[in-house]
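**Student:** Contents of entry.csv (CSV, C-alpha atoms) are given next:
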chain,number,residue,atom,x,y,z
J,1,MET,CA,109.5,107.1,101.7
J,2,ILE,CA,107.3,107.7,104.8
J,3,ASN,CA,109.0,106.6,108.0
J,4,LEU,CA,105.9,106.0,110.2
J,5,THR,CA,108.1,105.1,113.2
J,6,LYS,CA,110.0,108.3,113.1
J,7,LEU,CA,106.9,110.5,112.4
J,8,ILE,CA,104.7,109.1,115.2
J,9,GLY,CA,104.8,110.6,118.6
J,10,ALA,CA,108.0,111.6,120.3
J,11,LYS,CA,110.1,109.3,118.1
J,12,ALA,CA,110.7,112.2,115.7
J,13,THR,CA,111.7,115.8,116.4
J,14,ILE,CA,113.1,118.1,113.8
J,15,SER,CA,116.2,118.9,115.9
J,16,GLU,CA,116.8,115.2,116.5
J,17,ILE,CA,116.6,114.4,112.8
J,18,ILE,CA,119.0,117.2,111.8
J,19,LYS,CA,121.4,116.3,114.5
J,20,LYS,CA,121.4,112.6,113.6
J,21,ASP,CA,121.8,113.2,109.8
J,22,ALA,CA,125.5,113.0,109.9
J,23,ALA,CA,125.7,109.8,112.0
J,24,ASN,CA,122.6,108.1,110.6
J,25,LYS,CA,122.2,109.1,107.0
J,26,ILE,CA,120.6,105.8,105.9
J,27,SER,CA,117.8,106.1,108.5
J,28,SER,CA,117.2,109.9,108.3
J,29,LEU,CA,118.2,110.9,104.8
J,30,HIS,CA,114.6,111.4,103.6
J,31,PHE,CA,114.3,114.2,106.2
J,32,SER,CA,117.7,115.8,105.3
J,33,ARG,CA,117.9,119.3,103.9
J,34,ALA,CA,121.4,119.1,102.5
J,35,GLN,CA,122.0,115.6,101.0
J,36,GLY,CA,122.3,114.9,97.3
J,37,PRO,CA,120.1,112.2,95.8
J,38,VAL,CA,120.0,108.5,96.7
J,39,VAL,CA,121.3,106.7,93.6
J,40,VAL,CA,119.5,103.5,92.7
J,41,TRP,CA,121.8,101.5,90.3
J,42,ASN,CA,120.3,98.6,88.5
J,43,MET,CA,123.8,97.1,88.0
J,44,THR,CA,122.3,94.1,86.1
J,45,ALA,CA,119.1,93.1,84.4
J,46,VAL,CA,119.9,89.4,84.9
J,47,CYS,CA,118.0,87.6,87.7
J,48,ASN,CA,117.6,84.0,88.9
J,49,LEU,CA,113.9,84.6,89.4
J,50,SER,CA,111.1,86.0,87.3
J,51,CYS,CA,108.8,87.8,89.7
J,52,LYS,CA,105.3,88.9,88.7
J,53,HIS,CA,105.7,92.5,89.7
J,54,CYS,CA,109.4,93.1,88.7
J,55,TYR,CA,109.6,96.8,87.5
J,56,LEU,CA,112.6,95.9,85.3
J,57,GLY,CA,111.2,92.8,83.8
J,58,SER,CA,114.4,90.9,84.8
J,59,GLN,CA,115.0,87.4,83.8
J,60,ASP,CA,117.7,84.7,83.4
J,61,ASN,CA,119.4,86.1,80.3
J,62,LYS,CA,121.6,89.0,79.4
J,63,GLN,CA,120.0,91.3,77.0
J,64,VAL,CA,121.7,94.6,77.6
J,65,LYS,CA,125.3,95.8,77.6
J,66,GLU,CA,126.1,96.3,81.3
J,67,PHE,CA,129.0,98.3,82.6
J,68,THR,CA,132.4,96.8,82.7
J,69,THR,CA,134.1,96.9,86.1
J,70,LYS,CA,136.1,99.8,84.8
J,71,GLU,CA,133.0,101.7,83.6
J,72,ALA,CA,131.3,101.0,86.9
J,73,LYS,CA,134.2,102.5,88.9
J,74,SER,CA,134.2,105.6,86.7
J,75,PHE,CA,130.5,106.0,87.3
J,76,ILE,CA,130.9,105.5,91.1
J,77,SER,CA,133.9,107.9,91.2
J,78,ASP,CA,131.6,110.8,90.1
J,79,LEU,CA,129.0,110.3,92.9
J,80,PRO,CA,130.9,111.9,95.9
J,81,SER,CA,130.9,115.2,94.1
J,82,MET,CA,127.0,115.1,94.3
J,83,ASN,CA,127.0,114.5,98.1
J,84,VAL,CA,125.3,111.2,97.5
J,85,PRO,CA,124.3,109.6,100.8
J,86,VAL,CA,123.5,106.1,99.6
J,87,LEU,CA,124.3,104.0,96.5
J,88,LEU,CA,121.8,101.2,96.2
J,89,PHE,CA,123.0,98.2,94.3
J,90,THR,CA,120.0,96.4,92.8
J,91,GLY,CA,119.0,94.5,89.7
J,92,GLY,CA,117.9,92.1,88.5
J,93,GLU,CA,119.7,90.2,91.2
J,94,PRO,CA,122.9,92.2,92.0
J,95,LEU,CA,124.6,89.2,93.6
J,96,LEU,CA,124.8,87.6,90.1
J,97,ARG,CA,127.5,90.2,89.1
J,98,GLN,CA,130.9,88.7,89.9
J,99,ASP,CA,132.4,92.2,90.7
J,100,ILE,CA,129.7,93.3,93.2
J,101,PHE,CA,132.1,93.0,96.2
J,102,GLU,CA,134.9,94.8,94.4
J,103,LEU,CA,132.5,97.6,93.5
J,104,GLY,CA,131.0,97.7,96.9
J,105,GLU,CA,134.4,98.1,98.5
J,106,PHE,CA,135.3,100.7,95.9
J,107,ALA,CA,132.1,102.7,96.7
J,108,ALA,CA,132.8,102.4,100.5
J,109,ASN,CA,136.4,103.6,100.0
J,110,SER,CA,135.1,106.5,98.0
J,111,GLY,CA,133.1,107.7,101.0
J,112,LEU,CA,129.7,106.4,99.8
J,113,ARG,CA,127.3,104.2,101.8
J,114,PRO,CA,126.7,101.1,99.6
J,115,VAL,CA,123.5,99.0,100.3
J,116,ILE,CA,122.0,96.1,98.5
J,117,SER,CA,118.4,95.2,97.4
J,118,THR,CA,118.2,91.5,96.7
J,119,ASN,CA,115.8,88.6,96.6
J,120,GLY,CA,117.9,87.0,99.3
J,121,THR,CA,118.0,83.5,97.7
J,122,LEU,CA,121.8,83.5,97.0
J,123,ILE,CA,123.0,84.7,100.4
J,124,THR,CA,124.9,82.0,102.2
J,125,LEU,CA,126.6,82.7,105.5
J,126,GLU,CA,130.0,83.0,103.8
J,127,ARG,CA,128.5,85.4,101.2
J,128,ALA,CA,126.9,87.5,103.9
J,129,ARG,CA,130.2,87.9,105.6
J,130,THR,CA,131.8,88.9,102.3
J,131,ILE,CA,129.0,91.5,101.8
J,132,LYS,CA,129.8,93.0,105.2
J,133,ASP,CA,133.6,92.8,104.6
J,134,ALA,CA,133.2,94.6,101.3
J,135,GLY,CA,131.7,97.6,103.2
J,136,PHE,CA,128.0,97.2,102.5
J,137,GLN,CA,126.0,98.8,105.3
J,138,TYR,CA,122.5,97.4,104.7
J,139,VAL,CA,120.7,94.6,102.9
J,140,GLY,CA,117.0,94.8,101.9
J,141,VAL,CA,115.4,91.4,101.1
J,142,SER,CA,112.1,91.2,99.3
J,143,ILE,CA,109.3,89.1,100.9
J,144,ASP,CA,106.0,89.0,99.1
J,145,GLY,CA,103.9,87.0,101.5
J,146,MET,CA,104.0,83.8,103.6
J,147,GLU,CA,105.4,80.7,102.0
J,148,ASP,CA,102.8,79.8,99.4
J,149,VAL,CA,102.1,83.3,98.2
J,150,HIS,CA,105.7,84.3,98.1
J,151,ASN,CA,106.8,81.3,96.2
J,152,GLU,CA,104.0,81.8,93.7
J,153,PHE,CA,105.0,85.5,93.2
J,154,ARG,CA,108.6,84.6,92.8
J,155,ARG,CA,107.9,81.6,90.6
J,156,LEU,CA,110.4,79.4,92.5
J,157,LYS,CA,109.1,76.7,94.8
J,158,ASN,CA,111.6,77.2,97.7
J,159,SER,CA,112.2,80.9,97.3
J,160,PHE,CA,110.6,81.8,100.6
J,161,ALA,CA,112.8,79.4,102.6
J,162,LEU,CA,115.9,80.6,100.7
J,163,ALA,CA,115.1,84.3,101.2
J,164,TRP,CA,114.6,83.8,105.0
J,165,GLU,CA,117.8,81.8,105.2
J,166,GLY,CA,119.5,84.7,103.5
J,167,ILE,CA,118.1,87.1,106.0
J,168,HIS,CA,119.2,85.0,108.9
J,169,ASN,CA,122.7,84.8,107.4
J,170,CYS,CA,122.9,88.5,107.0
J,171,LEU,CA,121.9,89.0,110.7
J,172,SER,CA,124.4,86.4,111.8
J,173,ALA,CA,127.1,88.3,109.9
J,174,GLY,CA,126.2,91.5,111.7
J,175,LEU,CA,124.6,93.2,108.7
J,176,PRO,CA,121.6,95.5,109.3
J,177,THR,CA,118.8,93.8,107.3
J,178,GLY,CA,115.3,94.8,106.3
J,179,VAL,CA,112.2,93.2,104.8
J,180,ARG,CA,110.7,94.8,101.6
J,181,PHE,CA,107.0,93.9,101.0
J,182,THR,CA,105.2,95.0,97.8
J,183,VAL,CA,101.5,95.0,98.6
J,184,ASN,CA,98.7,94.0,96.2
J,185,ASN,CA,95.4,92.2,96.3
J,186,HIS,CA,97.1,88.8,96.2
J,187,ASN,CA,99.2,89.2,99.3
J,188,LEU,CA,97.4,91.8,101.4
J,189,ALA,CA,95.9,89.1,103.6
J,190,ASP,CA,99.5,87.8,104.4
J,191,LEU,CA,100.8,91.2,105.4
J,192,PRO,CA,100.1,90.9,109.2
J,193,ALA,CA,101.7,87.5,109.4
J,194,VAL,CA,104.8,88.6,107.5
J,195,LEU,CA,105.1,91.7,109.7
J,196,ASP,CA,104.7,89.7,112.8
J,197,LEU,CA,107.3,87.2,111.6
J,198,ALA,CA,109.7,90.0,110.9
J,199,ILE,CA,109.2,91.4,114.4
J,200,LYS,CA,109.6,87.9,115.9
J,201,GLU,CA,112.9,87.5,113.9
J,202,ALA,CA,114.1,90.9,115.2
J,203,ILE,CA,114.4,92.4,111.8
J,204,PRO,CA,115.2,96.1,112.4
J,205,ARG,CA,113.3,97.5,109.4
J,206,PHE,CA,110.1,96.7,107.4
J,207,CYS,CA,109.4,98.6,104.2
J,208,LEU,CA,105.9,98.4,102.7
J,209,TYR,CA,106.1,99.2,99.0
J,210,HIS,CA,102.9,100.3,97.2
J,211,LEU,CA,102.6,98.8,93.7
J,212,VAL,CA,104.0,101.0,90.9
J,213,TYR,CA,102.8,100.1,87.4
J,214,ALA,CA,106.2,99.5,85.7
J,215,GLY,CA,107.8,96.6,84.0
J,216,ARG,CA,105.8,93.4,84.7
J,217,GLY,CA,104.0,95.5,87.3
J,218,LYS,CA,102.0,97.1,84.5
J,219,GLU,CA,100.2,93.7,84.2
J,220,MET,CA,99.0,94.0,87.8
J,221,VAL,CA,97.1,97.4,87.6
J,222,LYS,CA,93.9,95.5,88.3
J,223,ASP,CA,95.5,93.9,91.3
J,224,ASP,CA,96.3,97.2,93.1
J,225,LEU,CA,94.4,98.0,96.3
J,226,ARG,CA,91.1,99.7,96.3
J,227,ARG,CA,90.6,102.9,98.4
J,228,GLU,CA,89.0,101.1,101.3
J,229,GLU,CA,91.8,98.5,101.4
J,230,ASN,CA,94.4,101.3,101.4
J,231,LEU,CA,92.7,103.0,104.3
J,232,GLN,CA,92.6,99.8,106.2
J,233,LEU,CA,96.3,99.2,105.4
J,234,ILE,CA,97.6,102.6,106.5
J,235,ASN,CA,95.5,102.5,109.7
J,236,PHE,CA,97.0,99.1,110.4
J,237,LEU,CA,100.5,100.2,109.8
J,238,ILE,CA,100.2,103.4,111.9
J,239,ASP,CA,98.8,101.4,114.8
J,240,LYS,CA,101.6,98.8,114.4
J,241,ALA,CA,104.3,101.5,114.2
J,242,ALA,CA,103.0,103.1,117.4
J,243,ARG,CA,103.1,99.8,119.3
J,244,THR,CA,106.3,98.3,117.9
J,245,THR,CA,109.5,99.4,119.7
J,246,ASN,CA,112.2,97.2,118.0
J,247,MET,CA,111.5,97.9,114.3
J,248,GLU,CA,111.2,100.8,111.9
J,249,ILE,CA,108.1,100.6,109.8
J,250,LEU,CA,108.1,102.6,106.5
J,251,THR,CA,106.0,102.9,103.5
J,252,VAL,CA,107.4,103.6,100.0
J,253,ASP,CA,105.9,104.9,96.7
J,254,ASN,CA,102.7,106.5,98.0
J,255,PRO,CA,103.5,109.8,99.8
J,256,ALA,CA,99.8,110.2,100.5
J,257,ASP,CA,100.5,108.0,103.5
J,258,GLY,CA,102.4,111.0,105.1
J,259,VAL,CA,99.5,113.4,104.4
J,260,TYR,CA,97.0,110.9,105.9
J,261,LEU,CA,99.1,110.5,109.1
J,262,TYR,CA,99.3,114.3,109.4
J,263,LEU,CA,95.6,114.8,109.0
J,264,GLN,CA,94.8,112.0,111.5
J,265,LYS,CA,97.2,113.5,114.1
J,266,GLU,CA,95.9,117.0,113.5
J,267,LYS,CA,92.6,115.9,115.1
J,268,GLU,CA,94.2,114.1,118.0
J,269,SER,CA,97.3,116.3,118.8
J,270,PRO,CA,97.8,119.6,116.9
J,271,GLN,CA,101.3,120.0,118.3
J,272,GLU,CA,102.4,116.5,117.2
J,273,ALA,CA,100.7,117.1,113.8
J,274,ALA,CA,102.7,120.4,113.3
J,275,GLU,CA,105.9,118.5,113.9
J,276,ILE,CA,104.9,115.8,111.4
J,277,LYS,CA,104.1,118.4,108.9
J,278,SER,CA,107.5,120.1,109.3
J,279,LEU,CA,109.2,116.8,108.7
J,280,LEU,CA,107.1,116.0,105.7
J,281,GLU,CA,108.0,119.5,104.3
J,282,MET,CA,111.6,118.6,104.8
J,283,ALA,CA,111.1,115.2,103.0
J,284,GLY,CA,109.3,117.0,100.1
J,285,GLY,CA,106.9,114.3,99.0
J,286,CYS,CA,107.7,112.1,96.0
J,287,SER,CA,111.5,111.8,95.7
J,288,ALA,CA,111.8,111.1,91.9
J,289,GLY,CA,114.2,113.4,90.2
J,290,GLU,CA,115.0,115.3,93.4
J,291,LYS,CA,116.1,113.0,96.2
J,292,VAL,CA,116.3,109.9,94.1
J,293,VAL,CA,117.8,109.2,90.7
J,294,ASN,CA,118.1,105.8,88.8
J,295,VAL,CA,120.9,104.5,86.6
J,296,SER,CA,119.9,101.5,84.4
J,297,PRO,CA,122.2,98.5,83.6
J,298,GLU,CA,123.2,100.2,80.3
J,299,GLY,CA,123.8,103.6,81.9
J,300,ASN,CA,120.6,105.4,81.1
J,301,ILE,CA,119.5,108.0,83.8
J,302,TYR,CA,115.9,108.1,85.0
J,303,PRO,CA,114.1,110.2,87.6
J,304,CYS,CA,113.5,106.9,89.6
J,305,GLN,CA,113.7,103.2,89.0
J,306,PHE,CA,110.0,103.1,87.9
J,307,TRP,CA,109.9,106.2,85.7
J,308,ARG,CA,111.6,104.7,82.6
J,309,ASP,CA,109.9,106.6,79.8
J,310,LEU,CA,111.8,109.8,80.6
J,311,PRO,CA,115.5,109.2,80.0
J,312,LEU,CA,117.6,112.1,81.1
J,313,GLY,CA,120.9,111.1,79.6
J,314,ASN,CA,123.5,108.3,79.8
J,315,VAL,CA,126.5,108.2,82.2
J,316,ARG,CA,128.6,106.6,79.5
J,317,THR,CA,128.6,109.9,77.7
J,318,THR,CA,127.9,112.5,80.4
J,319,PRO,CA,128.7,112.3,84.1
J,320,LEU,CA,125.6,111.9,86.3
J,321,SER,CA,126.6,115.0,88.3
J,322,GLN,CA,126.4,117.1,85.2
J,323,ILE,CA,123.0,115.7,84.1
J,324,TRP,CA,121.7,116.2,87.7
J,325,GLN,CA,122.5,119.9,87.8
J,326,GLU,CA,120.9,120.4,84.4
J,327,LYS,CA,117.6,118.5,85.2
J,328,ILE,CA,116.8,118.9,88.9
J,329,ASP,CA,115.0,122.2,88.5
J,330,PHE,CA,112.5,120.5,86.1
J,331,PHE,CA,111.4,118.1,88.8
J,332,LYS,CA,111.2,120.9,91.4
J,333,GLN,CA,108.7,122.7,89.2
J,334,LEU,CA,106.5,119.6,88.6
J,335,LYS,CA,104.4,120.0,91.7
J,336,ALA,CA,103.3,123.5,90.5
J,337,ASN,CA,101.9,122.1,87.3
J,338,LEU,CA,100.1,119.0,88.5
J,339,LYS,CA,96.6,118.4,87.2
J,340,GLY,CA,93.3,116.9,88.6
J,341,LYS,CA,93.1,116.0,92.2
J,342,CYS,CA,96.8,116.3,92.7
J,343,GLY,CA,96.8,119.8,91.2
J,344,ARG,CA,94.0,120.9,93.5
J,345,CYS,CA,95.4,119.3,96.6
J,346,SER,CA,96.3,121.6,99.5
J,347,TYR,CA,99.2,119.2,100.4
J,348,LYS,CA,100.8,118.6,97.1
J,349,GLU,CA,104.1,120.0,98.4
J,350,LEU,CA,104.1,117.3,101.0
J,351,CYS,CA,103.1,114.6,98.5
J,352,GLY,CA,103.0,115.1,94.8
J,353,GLY,CA,101.6,111.6,94.1
J,354,CYS,CA,103.3,109.1,91.8
J,355,ARG,CA,103.9,110.3,88.3
J,356,VAL,CA,104.4,106.8,86.9
J,357,ARG,CA,101.0,105.6,88.0
J,358,ALA,CA,99.5,108.8,86.6
J,359,LYS,CA,101.1,108.2,83.2
J,360,VAL,CA,100.1,104.6,82.9
J,361,ILE,CA,96.4,105.2,83.8
J,362,TYR,CA,95.8,108.7,82.3
J,363,GLY,CA,98.6,109.0,79.7
J,364,ASP,CA,100.0,112.1,81.4
J,365,TYR,CA,102.6,112.2,84.1
J,366,LEU,CA,101.2,115.4,85.4
J,367,ALA,CA,97.8,113.8,86.0
J,368,GLU,CA,96.5,112.8,89.4
J,369,ASP,CA,97.8,109.7,91.1
J,370,PRO,CA,95.1,107.0,90.8
J,371,ALA,CA,96.3,105.4,94.0
J,372,CYS,CA,95.5,108.4,96.2
J,373,TYR,CA,93.0,107.1,98.7
J,374,ILE,CA,92.2,110.3,100.6
J,375,GLU,CA,89.0,111.9,99.5
J,376,GLU,CA,89.5,115.2,97.7
J,377,GLU,CA,87.2,117.3,100.0
J,378,LYS,CA,89.2,116.0,103.0
J,379,LEU,CA,92.4,117.1,101.3
J,380,ARG,CA,90.9,120.6,100.9
J,381,ASP,CA,89.4,121.1,104.4
J,382,GLY,CA,91.9,119.0,106.4
J,383,SER,CA,89.3,116.6,107.8
J,384,LEU,CA,89.3,112.9,108.1
Mind turning the file's structure into structure tokens?
**Tutor:**
Amino acid sequence: MINLTKLIGAKATISEIIKKDAANKISSLHFSRAQGPVVVWNMTAVCNLSCKHCYLGSQDNKQVKEFTTKEAKSFISDLPSMNVPVLLFTGGEPLLRQDIFELGEFAANSGLRPVISTNGTLITLERARTIKDAGFQYVGVSIDGMEDVHNEFRRLKNSFALAWEGIHNCLSAGLPTGVRFTVNNHNLADLPAVLDLAIKEAIPRFCLYHLVYAGRGKEMVKDDLRREENLQLINFLIDKAARTTNMEILTVDNPADGVYLYLQKEKESPQEAAEIKSLLEMAGGCSAGEKVVNVSPEGNIYPCQFWRDLPLGNVRTTPLSQIWQEKIDFFKQLKANLKGKCGRCSYKELCGGCRVRAKVIYGDYLAEDPACYIEEEKLRDGSL
């Protein structure tokens, strides 16, 4: 996760980030030195939609043995011992689980910060109030483009209108709410309009997700952005973040964005660049297996929600806290053994690339990230 807003200019200082960690863990956790991992819990594989890029391949049927409410509470009870800052309830569509509010309240009462990732189509005003009353502190709603593009991606004719109604209902209920946008060749042209709409609607956070080749997303490899498009995209987002005062703009799933920002700022303002580099060092690049861990609907543990060919165990048989302690050193050592462009990169400690994309394209999760858009010679000599 690259928080462009916090990295650009005077909006981010190391002392400020550290000081605010305790009071603002959701916003600043990726810069934290002391937090445990964010836990992404796919609490269900069932969904009311069938989106083209769904990494879980969710659909409208129940194919796996999900946690019972009792099992879910046992899993959640283990998380405070890991100093987990955030428990992300996702799916499938998490609001299709009847016990989500009971589990959200249980997580909040356990000292965790529960948040929801949803398609937004099921959030009535009454349900939004229930989400807030249960103790959820943030709701992220996926928007894939303007109306025609979004509806086509979500494969539901009125999903765009329903999602925005859900966003408005969350805001009306006093819930911090953000827009999540997974970029690809089919919706890139819609990005400026979606971002402007989010700004107009006073959405406090906009997260740009780069495409990861997992689930049905594997079928969209050919639809990922080309290098020139990625460069135009990151320059657009940096400019937008610098000029937007009422919204955080972040990118997710391509830590090369942070390296690019650092190299760009190094030419313009070495002092500002040094600060950015320090924050990127604290963030540590790709979070998989270090600052993020995923638990599947059936309890399997993965380094992240996309990296599903490397199971680490199952929480039904072994507590997540135990597996975490046994496996974390493996991921800390990964960056020392990367290959190709990623292995030669001077900034691999700030980035590390995406291991999932590497495995899909090259058959080796240590290979270079095919979505890195920074030319190798510029990564070596620090020029752009």
**Student:** Between CA of Gly145 (chain J) and CA of Ser159 (chain J), what distance in Å does the model show, to one decimal?
**Tutor:**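 Distance reported for this atom pair: 11.1 Å.
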**Student:** Do you know which residues are at most 8 Å from region 327-340 of chain J counting all atoms listed in the file, after dropping those on the same chain fewer than 4 positions away, and could you put them as a ChimeraX atom specification?
**Tutor:** /J:288-290,312,323,344,348-349,352,366-368
**Student:** Please report the interatomic distance between CA of Gly313 (chain J) and CA of Ser296 (chain J) in Å with one decimal.
**Tutor:**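 According to the coordinates, CA of Gly313 (chain J) and CA of Ser296 (chain J) are separated by 10.8 Å.
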**Student:** From the set J:Ile234, J:Ala241, J:Ile8, J:Met1, which residue has the shortest atom-to-atom contact distance to Ser269 (chain J), counting all atoms listed in the file?
**Tutor:**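 Among the listed residues, J:Ile8 lies closest to Ser269 (chain J).
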**Student:** With a distance cut-off of 6 Å and all atoms listed in the file, select the neighbouring residues of region 168-175 of chain J, excluding the residue or stretch itself and same-chain residues fewer than 3 positions from it, and output the selection as a PyMOL selection string.
**Tutor:** chain J and resi 125+128-129+165
**Student:** So which one's closest to Asn48 (chain J), J:Gly140, J:Phe67, J:Asn119, J:Thr251? Using all atoms listed in the file, please.
**Tutor:**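 The shortest atom-to-atom distance to Asn48 (chain J) comes from J:Asn119.
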**Student:** Which neighbours of Thr90 (chain J) fall inside 8 Å, counting only C-alpha atoms, when residues of the same chain fewer than 3 positions from it are skipped, and could you give them as a list in words?
**Tutor:**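 Final neighbour list, sorted by chain and number: Val40, Trp41, Asn42, Met43, Thr44, Glu93, Pro94, Ile116, Ser117 and Thr118 of chain J.
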**Student:** Please tabulate, as a tab-separated table, the residues of region 207-304 of chain J that come within 9 Å of region 187-190 of chain J, each with its closest pair of atoms and the distance in Å to one decimal, counting all atoms listed in the file and ordering rows by chain, then residue number upward.
**Tutor:**
residue	atom	partner	partner_atom	distance
J:Leu225	CA	J:Leu188	CA	8.6
J:Glu229	CA	J:Leu188	CA	8.7
J:Leu233	CA	J:Leu188	CA	8.5
**Student:** J:Ala214, J:Ala161, J:Cys345, J:Leu56: which is nearest Arg357 (chain J), counting only C-alpha atoms?
**Tutor:**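 Ranked by minimum distance to Arg357 (chain J), first place goes to J:Ala214.
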**Student:** Report, in Å to a single decimal, how far apart CA of Glu272 (chain J) and CA of Asn246 (chain J) are.
**Tutor:**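 Straight-line distance from CA of Asn246 (chain J) to CA of Glu272 (chain J) works out to 21.7 Å.
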**Student:** Calculated over all atoms listed in the file, which of the candidates J:Pro192, J:Val139, J:Asn83, J:Lys222 has the smallest distance to Pro370 (chain J)?
**Tutor:** J:Lys222
**Student:** Counting only C-alpha atoms, figure out which residue out of J:Pro255, J:Gly36, J:Pro270, J:Gly120 gets nearest to Leu320 (chain J).
**Tutor:**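 Of J:Pro255, J:Gly36, J:Pro270, J:Gly120, the one nearest Leu320 (chain J), counting only C-alpha atoms, is J:Gly36.
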**Student:** Quick one: residues within 10 Å of region 196-204 of chain J, all atoms listed in the file counted, chain neighbours fewer than 2 positions away excluded, as an MDAnalysis selection string?
**Tutor:** chainID J and resid 146 164 167:168 171 176:179 191:194 206 240 244:249
**Student:** Give me the residues within 9 Å of Arg113 (chain J) as a count of residues only, counting all atoms listed in the file and dropping any in the same chain fewer than 5 places off.
**Tutor:** 14
**Student:** Taking only C-alpha atoms into account, which of J:Val315, J:Val141, J:Cys47, J:Met82 comes nearest Cys207 (chain J)?
**Tutor:**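 Under the stated criterion, the closest residue is J:Val141.
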**Student:** Could you add the missing atoms to region 84-89 of chain J, up to all heavy atoms, and return them as a PDB file, in the coordinates of the input?
**Tutor:**
ATOM      1  N   VAL J  84     126.179 112.307  97.437  1.00  0.00           N
ATOM      2  CA  VAL J  84     125.300 111.200  97.500  1.00  0.00           C
ATOM      3  C   VAL J  84     125.352 110.453  98.794  1.00  0.00           C
ATOM      4  O   VAL J  84     126.440 110.020  99.183  1.00  0.00           O
ATOM      5  CB  VAL J  84     125.570 110.211  96.296  1.00  0.00           C
ATOM      6  CG1 VAL J  84     124.830 108.888  96.452  1.00  0.00           C
ATOM      7  CG2 VAL J  84     125.217 110.856  94.964  1.00  0.00           C
ATOM      8  N   PRO J  85     124.244 110.297  99.533  1.00  0.00           N
ATOM      9  CA  PRO J  85     124.300 109.600 100.800  1.00  0.00           C
ATOM     10  C   PRO J  85     124.337 108.121 100.745  1.00  0.00           C
ATOM     11  O   PRO J  85     124.922 107.458 101.591  1.00  0.00           O
ATOM     12  CB  PRO J  85     123.053 110.124 101.544  1.00  0.00           C
ATOM     13  CG  PRO J  85     122.087 110.364 100.432  1.00  0.00           C
ATOM     14  CD  PRO J  85     122.905 110.836  99.259  1.00  0.00           C
ATOM     15  N   VAL J  86     123.667 107.568  99.709  1.00  0.00           N
ATOM     16  CA  VAL J  86     123.500 106.100  99.600  1.00  0.00           C
ATOM     17  C   VAL J  86     123.591 105.718  98.133  1.00  0.00           C
ATOM     18  O   VAL J  86     122.970 106.363  97.272  1.00  0.00           O
ATOM     19  CB  VAL J  86     122.193 105.631 100.203  1.00  0.00           C
ATOM     20  CG1 VAL J  86     121.977 104.140  99.923  1.00  0.00           C
ATOM     21  CG2 VAL J  86     122.152 105.871 101.709  1.00  0.00           C
ATOM     22  N   LEU J  87     124.334 104.662  97.843  1.00  0.00           N
ATOM     23  CA  LEU J  87     124.300 104.000  96.500  1.00  0.00           C
ATOM     24  C   LEU J  87     123.694 102.654  96.700  1.00  0.00           C
ATOM     25  O   LEU J  87     124.256 101.779  97.359  1.00  0.00           O
ATOM     26  CB  LEU J  87     125.737 103.909  95.964  1.00  0.00           C
ATOM     27  CG  LEU J  87     125.873 103.111  94.660  1.00  0.00           C
ATOM     28  CD1 LEU J  87     125.039 103.738  93.541  1.00  0.00           C
ATOM     29  CD2 LEU J  87     127.341 102.995  94.240  1.00  0.00           C
ATOM     30  N   LEU J  88     122.518 102.479  96.096  1.00  0.00           N
ATOM     31  CA  LEU J  88     121.800 101.200  96.200  1.00  0.00           C
ATOM     32  C   LEU J  88     122.108 100.331  95.030  1.00  0.00           C
ATOM     33  O   LEU J  88     121.815 100.660  93.879  1.00  0.00           O
ATOM     34  CB  LEU J  88     120.276 101.509  96.258  1.00  0.00           C
ATOM     35  CG  LEU J  88     119.338 100.302  96.198  1.00  0.00           C
ATOM     36  CD1 LEU J  88     119.555  99.379  97.385  1.00  0.00           C
ATOM     37  CD2 LEU J  88     117.875 100.756  96.144  1.00  0.00           C
ATOM     38  N   PHE J  89     122.726  99.184  95.315  1.00  0.00           N
ATOM     39  CA  PHE J  89     123.000  98.200  94.300  1.00  0.00           C
ATOM     40  C   PHE J  89     121.817  97.263  94.174  1.00  0.00           C
ATOM     41  O   PHE J  89     121.451  96.569  95.127  1.00  0.00           O
ATOM     42  CB  PHE J  89     124.242  97.351  94.718  1.00  0.00           C
ATOM     43  CG  PHE J  89     125.561  98.062  94.688  1.00  0.00           C
ATOM     44  CD1 PHE J  89     125.846  99.087  95.588  1.00  0.00           C
ATOM     45  CD2 PHE J  89     126.540  97.694  93.776  1.00  0.00           C
ATOM     46  CE1 PHE J  89     127.075  99.729  95.574  1.00  0.00           C
ATOM     47  CE2 PHE J  89     127.778  98.331  93.752  1.00  0.00           C
ATOM     48  CZ  PHE J  89     128.045  99.351  94.652  1.00  0.00           C
TER      49      PHE J  89
END
